[in-house]
file target-v4.csv (CSV, C-alpha atoms)
chain,number,residue,atom,x,y,z
A,1,MET,CA,74.1,3.9,-110.5
A,2,SER,CA,72.8,4.8,-107.1
A,3,GLY,CA,71.1,8.1,-106.9
A,4,VAL,CA,70.3,8.4,-110.6
A,5,GLY,CA,66.7,9.3,-111.1
A,6,THR,CA,65.9,9.4,-107.4
A,7,LYS,CA,64.0,12.4,-106.1
A,8,ARG,CA,64.0,13.7,-102.6
A,9,THR,CA,60.6,13.7,-101.0
A,10,LEU,CA,59.2,17.1,-100.1
A,11,LYS,CA,57.6,17.1,-96.6
A,12,LEU,CA,55.1,19.9,-95.9
A,13,LEU,CA,53.5,20.3,-92.5
A,14,ILE,CA,50.1,22.0,-93.0
A,15,ASP,CA,49.2,24.5,-90.3
A,16,THR,CA,45.7,24.7,-88.8
A,17,ASN,CA,44.9,28.0,-90.5
A,18,ILE,CA,45.6,26.6,-94.0
A,19,TRP,CA,43.1,23.7,-93.3
A,20,LEU,CA,40.5,26.2,-92.1
A,21,ASP,CA,41.0,28.3,-95.3
A,22,TYR,CA,40.5,25.1,-97.3
A,23,PHE,CA,37.3,24.1,-95.5
A,24,LEU,CA,35.8,27.5,-95.0
A,25,GLY,CA,36.9,29.3,-98.1
A,26,ARG,CA,37.6,32.4,-96.1
A,27,THR,CA,40.6,34.0,-97.7
A,28,SER,CA,42.2,34.7,-101.0
A,29,ALA,CA,44.5,31.8,-100.3
A,30,THR,CA,41.7,29.3,-100.6
A,31,LYS,CA,42.0,28.6,-104.3
A,32,PRO,CA,45.8,28.2,-104.2
A,33,THR,CA,45.3,25.9,-101.2
A,34,VAL,CA,43.0,23.7,-103.2
A,35,GLU,CA,45.6,23.6,-106.0
A,36,LEU,CA,48.4,22.8,-103.5
A,37,PHE,CA,46.5,19.8,-102.1
A,38,SER,CA,45.5,18.6,-105.6
A,39,ARG,CA,49.1,18.8,-106.9
A,40,ALA,CA,50.4,17.1,-103.7
A,41,ALA,CA,47.9,14.3,-104.1
A,42,GLU,CA,49.1,13.6,-107.7
A,43,ALA,CA,52.8,13.7,-106.8
A,44,GLU,CA,54.7,10.7,-105.5
A,45,ASP,CA,57.5,12.8,-104.0
A,46,ILE,CA,55.4,15.2,-101.9
A,47,VAL,CA,54.0,14.3,-98.5
A,48,LEU,CA,51.6,16.4,-96.5
A,49,PHE,CA,51.5,16.2,-92.7
A,50,SER,CA,49.1,17.6,-90.1
A,51,SER,CA,49.5,18.0,-86.4
A,52,SER,CA,47.1,16.0,-84.2
A,53,LEU,CA,46.4,19.2,-82.3
A,54,SER,CA,45.4,20.9,-85.6
A,55,VAL,CA,43.0,18.1,-86.4
A,56,LYS,CA,41.4,18.6,-82.9
A,57,ASP,CA,41.2,22.3,-83.4
A,58,ILE,CA,39.8,22.1,-86.9
A,59,TYR,CA,37.0,19.7,-85.7
A,60,TYR,CA,36.1,22.1,-82.9
A,61,ILE,CA,36.3,25.4,-84.9
A,62,LEU,CA,34.4,24.0,-87.9
A,63,GLY,CA,31.6,22.6,-85.8
A,64,ARG,CA,31.4,25.8,-83.7
A,65,THR,CA,31.4,28.0,-86.8
A,66,MET,CA,28.6,26.0,-88.5
A,67,LYS,CA,26.5,26.0,-85.4
A,68,ALA,CA,27.0,29.8,-84.9
A,69,ASP,CA,25.9,30.3,-88.5
A,70,ALA,CA,22.8,28.2,-88.0
A,71,ARG,CA,22.0,30.0,-84.7
A,72,ARG,CA,21.9,33.3,-86.6
A,73,GLY,CA,18.6,32.1,-88.2
A,74,GLY,CA,17.0,31.6,-84.8
A,75,ALA,CA,17.1,28.6,-82.4
A,76,LEU,CA,19.6,25.9,-83.1
A,77,ALA,CA,17.7,22.9,-84.4
A,78,PRO,CA,18.9,19.4,-83.5
A,79,GLU,CA,19.3,18.8,-87.3
A,80,ALA,CA,21.6,21.7,-87.6
A,81,ILE,CA,23.7,20.4,-84.7
A,82,ALA,CA,23.9,16.9,-86.3
A,83,ALA,CA,24.8,18.4,-89.7
A,84,ALA,CA,27.5,20.5,-88.2
A,85,ASP,CA,29.0,17.6,-86.2
A,86,GLU,CA,28.9,15.3,-89.2
A,87,THR,CA,30.5,17.9,-91.5
A,88,ALA,CA,33.3,18.4,-89.0
A,89,TRP,CA,33.8,14.6,-88.9
A,90,ALA,CA,33.9,14.5,-92.7
A,91,CYS,CA,36.6,17.2,-92.7
A,92,VAL,CA,38.7,15.2,-90.2
A,93,ARG,CA,38.3,12.2,-92.5
A,94,LEU,CA,39.5,14.3,-95.4
A,95,ILE,CA,42.5,15.5,-93.5
A,96,ARG,CA,43.4,11.9,-92.8
A,97,GLN,CA,43.1,11.1,-96.5
A,98,LYS,CA,45.2,14.0,-97.6
A,99,SER,CA,47.9,14.0,-94.9
A,100,ILE,CA,49.8,11.9,-92.4
A,101,ILE,CA,48.8,12.9,-88.8
A,102,ALA,CA,51.8,13.6,-86.6
A,103,SER,CA,51.1,13.4,-82.9
A,104,VAL,CA,52.1,16.0,-80.4
A,105,GLY,CA,53.7,14.7,-77.3
A,106,ALA,CA,56.3,15.5,-74.6
A,107,ASP,CA,59.1,16.0,-77.1
A,108,GLU,CA,57.2,18.7,-78.9
A,109,VAL,CA,56.3,20.4,-75.7
A,110,PHE,CA,60.0,20.4,-74.8
A,111,ASP,CA,61.0,21.8,-78.2
A,112,SER,CA,58.4,24.6,-77.8
A,113,PHE,CA,60.6,26.1,-75.1
A,114,VAL,CA,63.5,26.2,-77.5
A,115,PHE,CA,61.4,27.8,-80.2
A,116,LYS,CA,59.8,30.3,-77.7
A,117,HIS,CA,62.9,32.4,-78.1
A,118,TYR,CA,62.2,32.8,-81.8
A,119,HIS,CA,58.4,33.0,-81.8
A,120,ASN,CA,56.7,33.4,-78.5
A,121,ASP,CA,53.4,31.6,-79.3
A,122,PHE,CA,53.0,28.3,-77.6
A,123,GLU,CA,50.6,26.8,-80.2
A,124,ASP,CA,52.9,27.8,-83.1
A,125,ASP,CA,56.0,26.5,-81.1
A,126,LEU,CA,54.3,23.1,-80.8
A,127,ILE,CA,53.8,23.1,-84.6
A,128,LEU,CA,57.5,23.9,-85.0
A,129,GLY,CA,58.3,21.0,-82.6
A,130,VAL,CA,56.2,18.6,-84.8
A,131,ALA,CA,58.0,19.9,-87.9
A,132,ASN,CA,61.4,19.3,-86.2
A,133,ARG,CA,60.4,15.7,-85.2
A,134,ILE,CA,59.1,14.7,-88.6
A,135,ASP,CA,61.9,16.5,-90.3
A,136,ALA,CA,59.5,18.6,-92.4
A,137,ASP,CA,61.1,20.7,-95.1
A,138,TYR,CA,58.5,23.5,-94.5
A,139,VAL,CA,55.5,24.5,-92.4
A,140,VAL,CA,52.8,25.9,-94.6
A,141,THR,CA,50.9,28.6,-92.7
A,142,GLY,CA,49.0,31.8,-93.1
A,143,ASP,CA,50.5,33.2,-90.0
A,144,LYS,CA,52.6,36.2,-91.2
A,145,ASP,CA,54.4,36.6,-87.8
A,146,LEU,CA,55.3,32.9,-87.7
A,147,ILE,CA,56.7,33.2,-91.2
A,148,LYS,CA,58.7,36.3,-90.3
A,149,HIS,CA,60.2,34.7,-87.2
A,150,THR,CA,61.4,31.4,-88.7
A,151,ASN,CA,63.8,32.4,-91.4
A,152,GLY,CA,62.4,30.3,-94.3
A,153,VAL,CA,61.1,27.3,-92.3
A,154,CYS,CA,57.6,28.5,-92.5
A,155,ILE,CA,56.1,29.6,-95.8
A,156,ASP,CA,52.8,30.7,-97.1
A,157,VAL,CA,50.6,28.7,-99.4
A,158,PHE,CA,51.8,30.6,-102.5
A,159,GLN,CA,55.4,29.7,-101.8
A,160,ALA,CA,54.4,26.1,-101.1
A,161,LEU,CA,52.5,25.9,-104.4
A,162,ARG,CA,55.7,27.1,-106.2
A,163,LEU,CA,57.7,24.4,-104.4
A,164,VAL,CA,55.2,21.7,-105.3
A,165,GLY,CA,55.4,22.9,-108.9
A,166,GLU,CA,59.1,22.6,-108.8
A,167,ALA,CA,59.1,19.2,-107.2
A,168,SER,CA,56.8,17.9,-109.9
A,169,GLY,CA,58.7,19.6,-112.6
A,170,SER,CA,55.7,21.6,-113.8
A,171,SER,CA,55.9,24.9,-112.1
A,172,MET,CA,53.3,27.2,-113.5
A,173,LEU,CA,54.0,30.1,-111.1
A,174,PRO,CA,57.0,32.5,-111.2
A,175,ILE,CA,59.4,32.1,-108.4
call {"tool": "encode", "arguments": {"input": "target-v4.csv", "output": "structure tokens"}}
result
Amino acid sequence: MSGVGTKRTLKLLIDTNIWLDYFLGRTSATKPTVELFSRAAEAEDIVLFSSSLSVKDIYYILGRTMKADARRGGALAPEAIAAADETAWACVRLIRQKSIIASVGADEVFDSFVFKHYHNDFEDDLILGVANRIDADYVVTGDKDLIKHTNGVCIDVFQALRLVGEASGSSMLPI
């Protein structure tokens, strides 16, 4: 009775901008992103991935953003710097808890030249290279141009939330 009751694992590669929405609460996609991550954490057949380059960028952007916010109030105090750095580290720890980190190497750089013909953005093309290597089902991104140029490979957080609902058998959103 092979195959009976077995479910295929849904692999989602989470783009940098989705993580930034999650941590900064900066768009209307933040609440659905929280829901997506929550549902994925509860499901046995959904795996989230993140690119190692995304993790680096998130650390840098979050720290820089928090320091810039603190600087608006005057001089940047050592305590504000320490708080921003520790918060950025905490976000990296959370990414590690919620996803598998996929490294970016020479193969992904090579793949980026192939993907360049579809979407001429080196950073995005590296993400597509990572998605190719890990055999991701979808890249979840807020980048509308990337979504447009990839014929269904890249989806937004709302589409991902519907997929996660379908995978868990409890879709609450219309397709």
call {"tool": "atom_distance", "arguments": {"input": "target-v4.csv", "atom1": "CA of Thr9 in chain A", "atom2": "CA of Asn151 in chain A"}}
result
21.3 Å
call {"tool": "closest_atom_pairs", "arguments": {"input": "target-v4.csv", "of": "range 26-55 of chain A", "to": "range 154-158 of chain A", "cutoff": "8 Å", "atoms": "all atoms listed in the file", "output": "Markdown table"}}
result
| residue | atom | partner | partner_atom | distance |
| --- | --- | --- | --- | --- |
| A:Ala29 | CA | A:Val157 | CA | 6.9 |
| A:Pro32 | CA | A:Phe158 | CA | 6.7 |
| A:Thr33 | CA | A:Val157 | CA | 6.3 |
| A:Leu36 | CA | A:Val157 | CA | 7.5 |
call {"tool": "residues_around", "arguments": {"input": "target-v4.csv", "residues": "Val114 in chain A", "least_positions_apart": "5", "cutoff": "10 Å", "atoms": "all atoms listed in the file", "output": "PDB file with C-alpha atoms, in the coordinates of the input"}}
result
ATOM      1  CA  GLU A 108      57.200  18.700 -78.900  1.00  0.00           C
ATOM      2  CA  VAL A 109      56.300  20.400 -75.700  1.00  0.00           C
ATOM      3  CA  HIS A 119      58.400  33.000 -81.800  1.00  0.00           C
ATOM      4  CA  ASN A 120      56.700  33.400 -78.500  1.00  0.00           C
ATOM      5  CA  ASP A 125      56.000  26.500 -81.100  1.00  0.00           C
ATOM      6  CA  LEU A 128      57.500  23.900 -85.000  1.00  0.00           C
ATOM      7  CA  GLY A 129      58.300  21.000 -82.600  1.00  0.00           C
TER       8      GLY A 129
END
call {"tool": "closest_atom_pairs", "arguments": {"input": "target-v4.csv", "of": "range 36-88 of chain A", "to": "range 21-25 of chain A", "cutoff": "10 Å", "atoms": "only C-alpha atoms", "output": "JSON lines"}}
result
{"residue": "A:Phe37", "atom": "CA", "partner": "A:Tyr22", "partner_atom": "CA", "distance": 9.3}
{"residue": "A:Ile58", "atom": "CA", "partner": "A:Phe23", "partner_atom": "CA", "distance": 9.2}
{"residue": "A:Leu62", "atom": "CA", "partner": "A:Leu24", "partner_atom": "CA", "distance": 8.0}
{"residue": "A:Thr65", "atom": "CA", "partner": "A:Leu24", "partner_atom": "CA", "distance": 9.3}
{"residue": "A:Met66", "atom": "CA", "partner": "A:Leu24", "partner_atom": "CA", "distance": 9.8}
{"residue": "A:Ala88", "atom": "CA", "partner": "A:Phe23", "partner_atom": "CA", "distance": 9.5}
call {"tool": "closest_residue", "arguments": {"input": "target-v4.csv", "among": "A:Ala70, A:Ile81, A:Leu163, A:Val92", "to": "Arg39 in chain A", "atoms": "only C-alpha atoms"}}
result
A:Leu163
call {"tool": "residues_around", "arguments": {"input": "target-v4.csv", "residues": "Arg96 in chain A", "least_positions_apart": "4", "cutoff": "10 Å", "atoms": "only C-alpha atoms", "output": "PyMOL selection string"}}
result
chain A and resi 49-50+55+90-92+100-101
call {"tool": "closest_residue", "arguments": {"input": "target-v4.csv", "among": "A:Pro78, A:Ser99, A:Val47, A:Ala40", "to": "Arg162 in chain A", "atoms": "all atoms listed in the file"}}
result
A:Ala40
call {"tool": "closest_residue", "arguments": {"input": "target-v4.csv", "among": "A:Leu53, A:Leu161, A:Leu76, A:Ile134", "to": "Thr30 in chain A", "atoms": "all atoms listed in the file"}}
result
A:Leu161
call {"tool": "residues_around", "arguments": {"input": "target-v4.csv", "residues": "Ala131 in chain A", "least_positions_apart": "3", "cutoff": "9 Å", "atoms": "only C-alpha atoms", "output": "PyMOL selection string"}}
result
chain A and resi 12-13+49+51+102+126-128+134-139
call {"tool": "atom_distance", "arguments": {"input": "target-v4.csv", "atom1": "CA of Arg133 in chain A", "atom2": "CA of Glu44 in chain A"}}
result
21.7 Å
call {"tool": "axis_aligned_box", "arguments": {"input": "target-v4.csv", "around": "range 75-81 of chain A", "padding_each_side": "8 Å", "output": "AutoDock Vina command-line options"}}
result
--center_x 20.4 --center_y 23.7 --center_z -85.0 --size_x 22.6 --size_y 25.8 --size_z 21.2
call {"tool": "atom_distance", "arguments": {"input": "target-v4.csv", "atom1": "CA of Asp143 in chain A", "atom2": "CA of Ser112 in chain A"}}
result
16.9 Å
call {"tool": "closest_residue", "arguments": {"input": "target-v4.csv", "among": "A:Tyr118, A:Trp19, A:Trp89, A:Phe110", "to": "His149 in chain A", "atoms": "all atoms listed in the file"}}
result
A:Tyr118
